[in-house]
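Structure, as structure tokens:
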Amino acid sequence: MRVVVVGAGVIGAASALALARAGAEVVLVDRAGIAAETSSRCEGNVLVSDKGADPAVRPEAELAIASNAMWRSLALELDAERGDGPATELEAKGGVVVAFPQGAAPLTAFAEGQRSIGIRAEVVDGAALRALEPHLSPEVELGVHYPDDAQVQPSLATQSLASAAMRRGARLVLAEVTAARMRGGRIVGVETTSGAIDADAVVLCAGPWSGEAAARLGARLDIRPRRGMILVTTAMRQRVFHKVYDADYVGAVGSADAQLQTSTVVESTPAGTVLIGSSRERVGFDDRPALAPIEAIAAKAVRLFPFLAETQLLRTYAGFRPYAPDHLPVIGEDPAVPGLFHASGHEGAGIGLAPATAELIAHHVLGSATALDPAPFLPGRASLAEVAA
Amino acid sequence: MSRRHVVVLGAGPAGLAAAVAALEAGARVTVLDEGERLGGQYWRHHEAITDRRLQHGWERFERSRDRIAAGIAEGRAVLLQRAAVWRVDVEPLRLHALVGKPDAPGRRRVVVRGDALVLATGAHDRALPIPGWTLPGVTTAGAAQALAKRDGVTVGTRTLVAGAGPFLLPVAQSLAIAGARVVEVLEASRLPRHAAGWTARPWELAAAAGKGLELAEYARSLLGQRTPYRTGSGVVRILGERRVEAAVVARLDRAWRPIPGTEREVACDSVALGHGFTPRLDAAIQAGCALTEAPPGSPRFVVADPDQRTSVDGVWAAGEITGIGGADAALAEGDLAGRSAAGTPHAALAAARRRRDRTDAFARRLEAHAIQDGWSSWLEDDTLVCRCESVEAAAIVRASGSASRALRLATRAGLGACQGRTCGSSVEALCGERLGLDARPLLAPMRIGELLGGSEATA
Ligand SMILES: Cc1cc2nc3c(=O)[nH]c(=O)nc-3n(C[C@H](O)[C@H](O)[C@H](O)COP(=O)(O)OP(=O)(O)OC[C@H]3O[C@@H](n4cnc5c(N)ncnc54)[C@H](O)[C@@H]3O)c2cc1C
Ligand SMILES: Cc1cc2nc3c(=O)[nH]c(=O)nc-3n(C[C@H](O)[C@H](O)[C@H](O)COP(=O)(O)OP(=O)(O)OC[C@H]3O[C@@H](n4cnc5c(N)ncnc54)[C@H](O)[C@@H]3O)c2cc1C
């Protein structure tokens with residue numbers, strides 16, 4: 001069985017690996033290269049802390065819990081295969097979500113819900129909180145420690161996933177997919193800028209461009225870009241030890257508001273730089289460095305860690321989170337185009353959700369076994385159709 | 001008379017000439033430069049220390065400075081020194097600057113609005129990586145020159161000057177005047193036949209471009225010191241335990257590949273490396289100006305029309321960012337850009353255009369010194385190319401097959417403190433691919449706290 005995977009971001013690379021492992025002949029097609037887009041313009045958080053237990057978002061929380069565990073074993077395997085240095089830079093450092101006085105009650109309530117679905121979330125305050133993060137502002141009243149939050153270096157991890165797929169026979173084609181090849185109402189391949197590729201199935205992992213790419217393949221999918229900006233400091237002595245967020249992070253993820261929103265996420269990388277993210281804005285694919293989000297992120301970061309005021313800023317970057325109207329990933333066969341499978345709409349969690357998404361894709365395309373529940377992510381779900389109509 | 005407000009970024013020869021010309025044309029002018037003193041690279045100086053023999057065209061500098069001072073007195077000019085411009089918006093035109101000593105707290109955040117912008121951000125000097133180039137005692141030719149000119153300090157007592165281009169000559173002279181012994185000057189290019197005389201009498205060739213006098217002086221000072229000037233030669237390895245003790249010098253072929261068997265050791269305690277200049281394009285890129293095409297590793301420049309207008313409405317460019325042409329070209333371009341930006345019509349600029357065109361000869365002459373691909377063959381696997389992040393040549397070559405941004409992140413080459421200002425072109429040359437290392441969202445380093453608390457505006 002031959003499968004064309006469109007897009008070599010983290011979702012396409014992980015899917016290619018899962019499919020190749022399950023015995024498919026994989027052709028990975030990307031117009032820009034491996035990890036050339038969103039998967040290298042993001043942070044590599046593999047989180048459970050930001051996933052809520054509300055019924056509307058609970059499926060994603062469960063996917064995230066499973067995917068978080070998968071990343072750990074995958075990272076070990078990829079490291080062993082690569083042999084010459086870390087393949088993902090997985091760091092299981094844990095996260096700390098903190099609240100200023102007004103925010104303490106909602107945060108502890110949120111954490112309680114999370115514990116009920118199996119997320120480890122320990123409320124910490126006073127000396128225990130300062131022991132975790134000694135440089136936090138004295139204004140911070142309370143925190144929740146999530147020992148299972150982790151991070152990977154996203155572009156490196158994506159490349160390692162793609163390389164592992166290629167070692168199992170996957171082929172990389174650098175070309176743009178322009179149209180579908182159809183026979184008897186089924187997709188049987190793609191047209192690209194460097195020729196046609198026949199396939200028994202096509203998996204579309206085009207990130208924020210998935211809507212446009214789906215249209216080229218004769219399908220309808222409502223995926224849009226939501227810009228995020230990140231600040232990077234110069235390398236310094238480590239003073240931030242976990243991923244530290246303020247509690248408004250939780251509110252911004254599910255919000256439908258188009259306006260600029262920020263919630264601070266501060267973390268240090270193995271290179272010694274501190275990454276400060278991030279904003280959420282609906283401004284199409286505009287990647288000019290905007291001023292307002294940078295200022296807003298900076299203000300919140302300094303409120304969390306006052307020492308950051310004196311820290312040198314090196315650069316900023318922007319990426320586009322691919323989001324679906326109901327804020328859940330879209331994983332499964334297209335209802336109108338048999339043979340076409342979607343894996344997109346991961347919004348701000350595509351890195352974390354990649355291994356579980358790949359397992360679901362292997363399940364849908366090849367019938368491989370999975371313990372995950374595919375139903376909430378199917379492209380034909382009601383919450384997608386309503387808004388797209 | 002013009003009623004425009006012309007904002008000039010950069011107070012080197014090009015920016016100063018633009019500011020003076022715009023004032024003459026009646027405009028209001030604001031000049032911003034991050035330096036402590038006016039003059040840019042060419043007129044880098046210190047009031048008390050700088051040896052006058054090291055300054056050329058100084059009267060022109062003084063006239064420009066005085067004209068701007070007069071403009072300030074008339075209330076038509078504003079000069080912001082130690083003003084690091086970290087962001088340029090063009091719609092509407094706004095320059096965001098931090099004013100004050102870079103490492104002191106309490107820099108002022110200022111936003112300058114205007115009707116027209118002249119970009120005159122100049123160039124950095126470029127040094128190619130060479131095994132051993134991270135040893136103490138190795139500097140860029142520009143840094144050696146700056147120390148000598150501004151601070152009267154030398155980098156060592158026996159200095160080898162190596163690289164490409166006529167700039168090596170003033171560097172050698174400055175070092176000599178500041179008290180160092182320049183053991184050799186090595187020019188990597190084998191100058192083409194029509195320029196062969198450059199070798200014997202470097203001063204004659206540039207006479208047409210008005211550089212004659214200046215270069216003649218440099219050559220005299222070399223002769224006085226009995227310093228050999230060798231073309232088709234370069235440093236291929238720098239030796240030393242804790243600092244520079246010697247350098248291996250070899251003949252280079254036309255592509256700048258070392259010729260086996262020609263290596264010899266030269267005793268020295270310092271090496272000044274200069275392989276030409278890299279234009280400071282980041283402000284122009286942020287403004288959206290179109291650039292020329294060039295292979296990875298070779299400089300691109302801002303595209304300018306006959307009146308120095310860029311592709312972006314309301315933005316002009318002058319000096320090294322439009323092509324490496326030296327100070328005379330920068331002055332002539334700045335003059336033209338300043339007049340045009342102030343609103344002088346094309347037809348009234350014929351004389352200024354002719355003055356600018358006369359400087360082209362020297363710029364063309366410089367092309368004979370362009371960096372050739374073969375330089376990478378003197379690298380060792382473990383030669384550091386990106387010094388900020390300690391990335392070795394082999395790692396960059398290995399990663400060169402992968403997609404652009406992913407590669408940058410994976411090797412970290414060009415991502416360190418200098419943001420690719422030093423190594424960007426070399427990294428791109430080794431990758432055989434442009435990585436966008438010359439585009440910077442922040443044009444100058446700043447503290448996070450400096451983004452808070454709003455800014456004062458000047459109109
Ligand atoms: C600022 C920011 C911070 C983030 N932080 C995190 C985080 O901490 N943790 C986390 O899990 N997630 C995070 N995310 C989200 C994460 O980056 C994305 O969910 C994820 O990278 C999406 O991966 P992808 O493979 O779907 O898309 P991409 O990486 O964008 O890959 C899609 C690929 O498809 C290719 N393509 C598109 N159209 C075509 C076509 N027609 N033909 C051929 N190729 C095509 C593109 O070239 C591209 O390479 C963040 C996002 C942003 C913007
Ligand atoms: C180190 C060095 C030494 C040189 N010495 C000589 C020499 O001795 N003789 C010779 O003929 N040529 C010399 N040159 C060549 C020189 O580039 C030109 O002769 C001439 O200085 C070019 O003028 P310019 O106005 O284009 O640029 P520059 O003289 O480089 O002036 C550019 C100005 O812009 C300012 N600037 C740039 N970006 C910003 C920003 N974001 N914010 C605020 N200010 C900014 C800089 O501070 C600088 O003052 C030297 C070049 C270098 C790099």
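Residues in the structure tokens are named by chain (A, B, ... in the order shown) and by number from 1 within that chain; ligands are numbered from 1 in the order shown.
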What does the list of residues within 6 Å of ligand 1 look like if you count only C-alpha atoms and all ligand atoms, written as a ChimeraX atom specification? /A:6-12,29-32,35-39,41-46,175-178,205-209,213,227-230,278,318-321,344,346-352
Check which residues fall inside 6 Å of ligand 2 when counting only C-alpha atoms and all ligand atoms, and print them as a count of residues only.
33
Closest atom pairs, residues of chain A within 7 Å of chain B, only C-alpha atoms, as a Markdown table:
| residue | atom | partner | partner_atom | distance |
| --- | --- | --- | --- | --- |
| A:Gly33 | CA | B:Ala403 | CA | 4.8 |
| A:Ile34 | CA | B:Ala403 | CA | 5.8 |
| A:Ala35 | CA | B:Ala406 | CA | 5.8 |
| A:Ala36 | CA | B:Arg405 | CA | 5.7 |
| A:Ser40 | CA | B:Ala406 | CA | 6.1 |
| A:Ser155 | CA | B:Ala406 | CA | 5.4 |
| A:Leu156 | CA | B:Ala410 | CA | 5.9 |
| A:Thr234 | CA | B:Ala417 | CA | 6.2 |
| A:Pro289 | CA | B:Pro441 | CA | 6.0 |
| A:Glu295 | CA | B:Leu451 | CA | 5.7 |
| A:Ala298 | CA | B:Ile448 | CA | 6.1 |
| A:Ala299 | CA | B:Leu452 | CA | 6.1 |
| A:Leu308 | CA | B:Ile448 | CA | 6.4 |
| A:Ala309 | CA | B:Gly449 | CA | 3.8 |
| A:Glu310 | CA | B:Arg447 | CA | 5.5 |
| A:Thr311 | CA | B:Arg447 | CA | 5.2 |
| A:Gln312 | CA | B:Arg447 | CA | 4.3 |
| A:Leu313 | CA | B:Met446 | CA | 5.5 |
| A:Leu314 | CA | B:Pro445 | CA | 6.0 |
| A:Arg315 | CA | B:Leu442 | CA | 5.7 |
| A:Thr316 | CA | B:Pro441 | CA | 6.1 |
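For Asp373 (chain B), the list of residues within 9 Å, based on only C-alpha atoms and with local chain neighbours fewer than 2 positions off taken out, reads Ala255, Trp256, Arg257, Gly297, Ile371, Trp375, Ser376, Ser377 and Ala429 of chain B.
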Same residues, N, CA, C and O atoms, output as an mmCIF file, in the first residue's frame:
data_model
loop_
_atom_site.group_PDB
_atom_site.id
_atom_site.type_symbol
_atom_site.label_atom_id
_atom_site.label_comp_id
_atom_site.auth_asym_id
_atom_site.auth_seq_id
_atom_site.Cartn_x
_atom_site.Cartn_y
_atom_site.Cartn_z
ATOM 1 N N ALA B 255 40.507 30.968 -7.401
ATOM 2 C CA ALA B 255 39.291 30.709 -6.618
ATOM 3 C C ALA B 255 39.555 30.837 -5.118
ATOM 4 O O ALA B 255 38.689 30.519 -4.314
ATOM 5 N N TRP B 256 40.742 31.269 -4.753
ATOM 6 C CA TRP B 256 41.171 31.421 -3.362
ATOM 7 C C TRP B 256 41.433 30.081 -2.681
ATOM 8 O O TRP B 256 41.404 29.984 -1.454
ATOM 9 N N ARG B 257 41.685 29.029 -3.472
ATOM 10 C CA ARG B 257 42.083 27.758 -2.847
ATOM 11 C C ARG B 257 43.581 27.825 -2.585
ATOM 12 O O ARG B 257 44.349 28.232 -3.481
ATOM 13 N N GLY B 297 26.100 33.870 0.441
ATOM 14 C CA GLY B 297 27.448 34.174 0.900
ATOM 15 C C GLY B 297 27.998 35.437 0.278
ATOM 16 O O GLY B 297 28.931 36.030 0.791
ATOM 17 N N ILE B 371 35.029 38.080 -2.687
ATOM 18 C CA ILE B 371 35.336 36.774 -2.084
ATOM 19 C C ILE B 371 35.064 35.658 -3.092
ATOM 20 O O ILE B 371 34.038 35.651 -3.769
ATOM 21 N N TRP B 375 37.572 29.661 -0.631
ATOM 22 C CA TRP B 375 38.033 29.902 0.750
ATOM 23 C C TRP B 375 37.667 28.757 1.678
ATOM 24 O O TRP B 375 38.395 28.457 2.628
ATOM 25 N N SER B 376 36.534 28.102 1.378
ATOM 26 C CA SER B 376 36.093 27.084 2.341
ATOM 27 C C SER B 376 37.077 25.916 2.391
ATOM 28 O O SER B 376 37.066 25.131 3.337
ATOM 29 N N SER B 377 37.959 25.804 1.381
ATOM 30 C CA SER B 377 38.885 24.670 1.400
ATOM 31 C C SER B 377 40.006 24.852 2.420
ATOM 32 O O SER B 377 40.752 23.931 2.684
ATOM 33 N N ALA B 429 27.159 30.853 2.909
ATOM 34 C CA ALA B 429 28.039 30.365 1.843
ATOM 35 C C ALA B 429 28.259 28.863 1.995
ATOM 36 O O ALA B 429 28.183 28.113 1.024
#
task = For CA of Thr273 (chain A) and CA of Phe285 (chain A), quote the distance in Å rounded to one decimal.
result =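 Between CA of Thr273 (chain A) and CA of Phe285 (chain A) the gap is 26.8 Å.
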- prompt: Contacts of region 185-200 of chain A at 7 Å or less, counting only C-alpha atoms, minus same-chain residues fewer than 4 places along, as a PyMOL selection string?
  reply: chain A and resi 1-4+175-181+337-340
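Distance annotation: of B:Ala395, B:Arg421, B:Val111, B:Ala21, the residue with the minimal separation from Ala332 (chain B) is B:Ala21; atom set is only C-alpha atoms.
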message: With DSSP run on the backbone, what are the strand (DSSP E or B) residues within region 4-59 of chain A? I'd like them as a PyMOL selection string.
response: chain A and resi 4-6+25-30+45-46
File of the preceding selection, N, CA, C and O atoms, as a PDB file, in the first residue's frame:
ATOM      1  N   VAL A   4       0.644   8.755   0.248  1.00  0.00           N
ATOM      2  CA  VAL A   4       1.289  10.063   0.114  1.00  0.00           C
ATOM      3  C   VAL A   4       0.935  10.897   1.337  1.00  0.00           C
ATOM      4  O   VAL A   4      -0.246  11.036   1.670  1.00  0.00           O
ATOM      5  N   VAL A   5       1.952  11.411   2.016  1.00  0.00           N
ATOM      6  CA  VAL A   5       1.733  12.313   3.150  1.00  0.00           C
ATOM      7  C   VAL A   5       2.100  13.719   2.682  1.00  0.00           C
ATOM      8  O   VAL A   5       3.246  13.963   2.275  1.00  0.00           O
ATOM      9  N   VAL A   6       1.153  14.631   2.711  1.00  0.00           N
ATOM     10  CA  VAL A   6       1.395  16.000   2.247  1.00  0.00           C
ATOM     11  C   VAL A   6       1.736  16.872   3.458  1.00  0.00           C
ATOM     12  O   VAL A   6       0.909  17.041   4.348  1.00  0.00           O
ATOM     13  N   GLU A  25       4.205   1.911   2.102  1.00  0.00           N
ATOM     14  CA  GLU A  25       5.228   2.609   1.322  1.00  0.00           C
ATOM     15  C   GLU A  25       4.857   4.086   1.359  1.00  0.00           C
ATOM     16  O   GLU A  25       3.791   4.464   0.869  1.00  0.00           O
ATOM     17  N   VAL A  26       5.691   4.902   1.963  1.00  0.00           N
ATOM     18  CA  VAL A  26       5.308   6.294   2.221  1.00  0.00           C
ATOM     19  C   VAL A  26       6.069   7.252   1.312  1.00  0.00           C
ATOM     20  O   VAL A  26       7.282   7.121   1.141  1.00  0.00           O
ATOM     21  N   VAL A  27       5.347   8.216   0.738  1.00  0.00           N
ATOM     22  CA  VAL A  27       5.987   9.324   0.029  1.00  0.00           C
ATOM     23  C   VAL A  27       5.599  10.598   0.766  1.00  0.00           C
ATOM     24  O   VAL A  27       4.417  10.937   0.868  1.00  0.00           O
ATOM     25  N   LEU A  28       6.605  11.284   1.316  1.00  0.00           N
ATOM     26  CA  LEU A  28       6.378  12.501   2.096  1.00  0.00           C
ATOM     27  C   LEU A  28       6.659  13.687   1.171  1.00  0.00           C
ATOM     28  O   LEU A  28       7.757  13.805   0.629  1.00  0.00           O
ATOM     29  N   VAL A  29       5.656  14.531   0.973  1.00  0.00           N
ATOM     30  CA  VAL A  29       5.789  15.631   0.007  1.00  0.00           C
ATOM     31  C   VAL A  29       5.679  16.965   0.738  1.00  0.00           C
ATOM     32  O   VAL A  29       4.728  17.184   1.489  1.00  0.00           O
ATOM     33  N   ASP A  30       6.645  17.837   0.523  1.00  0.00           N
ATOM     34  CA  ASP A  30       6.541  19.179   1.111  1.00  0.00           C
ATOM     35  C   ASP A  30       7.129  20.205   0.158  1.00  0.00           C
ATOM     36  O   ASP A  30       8.144  19.959  -0.474  1.00  0.00           O
ATOM     37  N   ASN A  45       6.617  22.678  23.526  1.00  0.00           N
ATOM     38  CA  ASN A  45       6.005  22.171  24.751  1.00  0.00           C
ATOM     39  C   ASN A  45       5.156  20.933  24.508  1.00  0.00           C
ATOM     40  O   ASN A  45       4.370  20.885  23.568  1.00  0.00           O
ATOM     41  N   VAL A  46       5.326  19.975  25.362  1.00  0.00           N
ATOM     42  CA  VAL A  46       4.517  18.763  25.327  1.00  0.00           C
ATOM     43  C   VAL A  46       3.736  18.778  26.639  1.00  0.00           C
ATOM     44  O   VAL A  46       4.213  18.324  27.665  1.00  0.00           O
TER      45      VAL A  46
END
Taking the DSSP secondary structure from the backbone, can you list the residues of region 238-329 of chain B that are helix (DSSP H, G or I), as a ChimeraX atom specification? /B:282-287,319-322,326-329
Neighbours of Ile321 (chain B) within 12 Å (only C-alpha atoms; same-chain residues fewer than 3 positions away dropped), as a CSV table (one decimal) with N, CA and C atoms, in the first residue's frame?
chain,number,residue,atom,x,y,z
B,9,LEU,N,18.7,57.8,8.8
B,9,LEU,CA,19.3,56.8,9.7
B,9,LEU,C,20.7,56.5,9.4
B,10,GLY,N,21.6,56.9,10.3
B,10,GLY,CA,23.0,56.6,10.1
B,10,GLY,C,23.7,58.0,9.9
B,12,GLY,N,27.2,58.2,9.1
B,12,GLY,CA,28.4,58.1,8.4
B,12,GLY,C,28.5,59.1,7.3
B,14,ALA,N,27.5,58.9,4.2
B,14,ALA,CA,26.3,59.0,3.4
B,14,ALA,C,25.2,59.7,4.2
B,15,GLY,N,25.0,59.4,5.5
B,15,GLY,CA,23.9,60.0,6.2
B,15,GLY,C,24.2,61.5,6.5
B,118,VAL,N,15.8,58.4,4.8
B,118,VAL,CA,17.1,58.0,4.1
B,118,VAL,C,17.8,57.0,4.9
B,119,LEU,N,17.9,55.8,4.4
B,119,LEU,CA,18.7,54.7,5.1
B,119,LEU,C,20.1,54.9,4.7
B,120,ALA,N,21.0,55.0,5.7
B,120,ALA,CA,22.4,55.1,5.4
B,120,ALA,C,23.2,54.3,6.5
B,121,THR,N,22.8,53.0,6.6
B,121,THR,CA,23.3,52.2,7.7
B,121,THR,C,24.7,51.6,7.5
B,122,GLY,N,25.3,51.8,6.3
B,122,GLY,CA,26.7,51.4,6.2
B,122,GLY,C,26.9,49.9,6.1
B,123,ALA,N,28.1,49.6,6.6
B,123,ALA,CA,28.6,48.2,6.5
B,123,ALA,C,29.4,47.8,7.7
B,124,HIS,N,29.4,46.5,7.9
B,124,HIS,CA,30.3,45.9,8.9
B,124,HIS,C,31.5,45.3,8.1
B,277,PHE,N,33.4,43.9,3.0
B,277,PHE,CA,32.4,44.4,3.9
B,277,PHE,C,31.0,43.7,3.7
B,278,THR,N,30.3,43.7,4.7
B,278,THR,CA,28.9,43.2,4.6
B,278,THR,C,27.9,44.3,4.9
B,279,PRO,N,27.1,44.7,3.9
B,279,PRO,CA,26.2,45.8,4.1
B,279,PRO,C,25.3,45.5,5.3
B,280,ARG,N,24.9,46.6,6.1
B,280,ARG,CA,24.0,46.4,7.2
B,280,ARG,C,22.6,46.6,6.6
B,281,LEU,N,22.0,45.5,6.2
B,281,LEU,CA,20.7,45.6,5.4
B,281,LEU,C,19.5,45.5,6.3
B,282,ASP,N,19.7,45.2,7.6
B,282,ASP,CA,18.5,44.8,8.4
B,282,ASP,C,17.4,45.8,8.4
B,283,ALA,N,17.8,47.1,8.5
B,283,ALA,CA,16.8,48.1,8.5
B,283,ALA,C,16.0,48.2,7.2
B,284,ALA,N,16.8,48.1,6.1
B,284,ALA,CA,16.2,48.1,4.8
B,284,ALA,C,15.3,46.9,4.6
B,285,ILE,N,15.7,45.8,5.0
B,285,ILE,CA,14.8,44.6,4.9
B,285,ILE,C,13.6,44.8,5.7
B,289,CYS,N,12.4,47.0,1.6
B,289,CYS,CA,13.1,47.5,0.4
B,289,CYS,C,13.5,46.2,-0.5
B,290,ALA,N,13.4,46.3,-1.8
B,290,ALA,CA,13.9,45.2,-2.6
B,290,ALA,C,15.4,45.2,-2.6
B,291,LEU,N,15.9,44.0,-2.7
B,291,LEU,CA,17.4,43.8,-2.7
B,291,LEU,C,17.8,43.2,-4.0
B,292,THR,N,19.1,43.4,-4.4
B,292,THR,CA,19.6,42.7,-5.5
B,292,THR,C,19.8,41.2,-5.3
B,299,PRO,N,27.4,39.4,-0.9
B,299,PRO,CA,26.5,40.5,-0.4
B,299,PRO,C,25.4,40.8,-1.4
B,300,ARG,N,24.2,41.0,-0.9
B,300,ARG,CA,23.1,41.7,-1.6
B,300,ARG,C,23.1,43.1,-1.2
B,301,PHE,N,22.5,44.0,-2.1
B,301,PHE,CA,22.4,45.4,-1.8
B,301,PHE,C,21.0,45.9,-2.0
B,302,VAL,N,20.7,47.1,-1.4
B,302,VAL,CA,19.4,47.7,-1.6
B,302,VAL,C,19.4,48.2,-3.0
B,303,VAL,N,18.3,47.9,-3.7
B,303,VAL,CA,18.1,48.4,-5.1
B,303,VAL,C,17.7,49.9,-5.0
B,304,ALA,N,18.4,50.7,-5.7
B,304,ALA,CA,18.1,52.2,-5.7
B,304,ALA,C,17.9,52.7,-7.1
B,308,GLN,N,18.4,57.5,-6.0
B,308,GLN,CA,18.6,56.8,-4.7
B,308,GLN,C,17.3,56.4,-4.0
B,310,THR,N,14.4,53.8,-3.0
B,310,THR,CA,14.3,52.4,-3.0
B,310,THR,C,12.9,52.0,-3.6
B,316,TRP,N,14.6,56.3,0.9
B,316,TRP,CA,15.8,56.4,0.0
B,316,TRP,C,16.9,55.6,0.7
B,317,ALA,N,17.9,55.3,-0.1
B,317,ALA,CA,19.1,54.6,0.5
B,317,ALA,C,20.4,55.1,-0.1
B,318,ALA,N,21.4,55.2,0.7
B,318,ALA,CA,22.7,55.7,0.2
B,318,ALA,C,23.8,55.1,1.0
B,324,ILE,N,29.2,48.4,-2.2
B,324,ILE,CA,30.4,48.8,-1.6
B,324,ILE,C,31.2,49.7,-2.5
B,325,GLY,N,31.3,51.0,-2.1
B,325,GLY,CA,32.0,51.9,-3.1
B,325,GLY,C,32.9,52.9,-2.3
B,326,GLY,N,33.1,52.7,-1.0
B,326,GLY,CA,34.0,53.6,-0.3
B,326,GLY,C,33.3,54.9,0.1
B,329,ALA,N,31.9,57.5,-2.7
B,329,ALA,CA,30.6,57.1,-3.3
B,329,ALA,C,29.5,57.4,-2.2
B,330,ALA,N,29.8,57.1,-1.0
B,330,ALA,CA,28.8,57.3,0.1
B,330,ALA,C,28.4,58.7,0.2
B,333,GLU,N,26.3,59.7,-3.0
B,333,GLU,CA,25.0,59.1,-2.9
B,333,GLU,C,24.1,59.8,-1.8
B,334,GLY,N,24.7,60.0,-0.7
B,334,GLY,CA,24.0,60.7,0.4
B,334,GLY,C,23.5,62.0,0.0
With distances taken over only C-alpha atoms, the candidate from B:Ala348, B:Cys423, B:Ala162, B:Leu16 nearest Glu392 (chain B) is B:Cys423
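Atom pair CA of Gly420 (chain B) / CA of Phe307 (chain A): separated by 26.4 Å.
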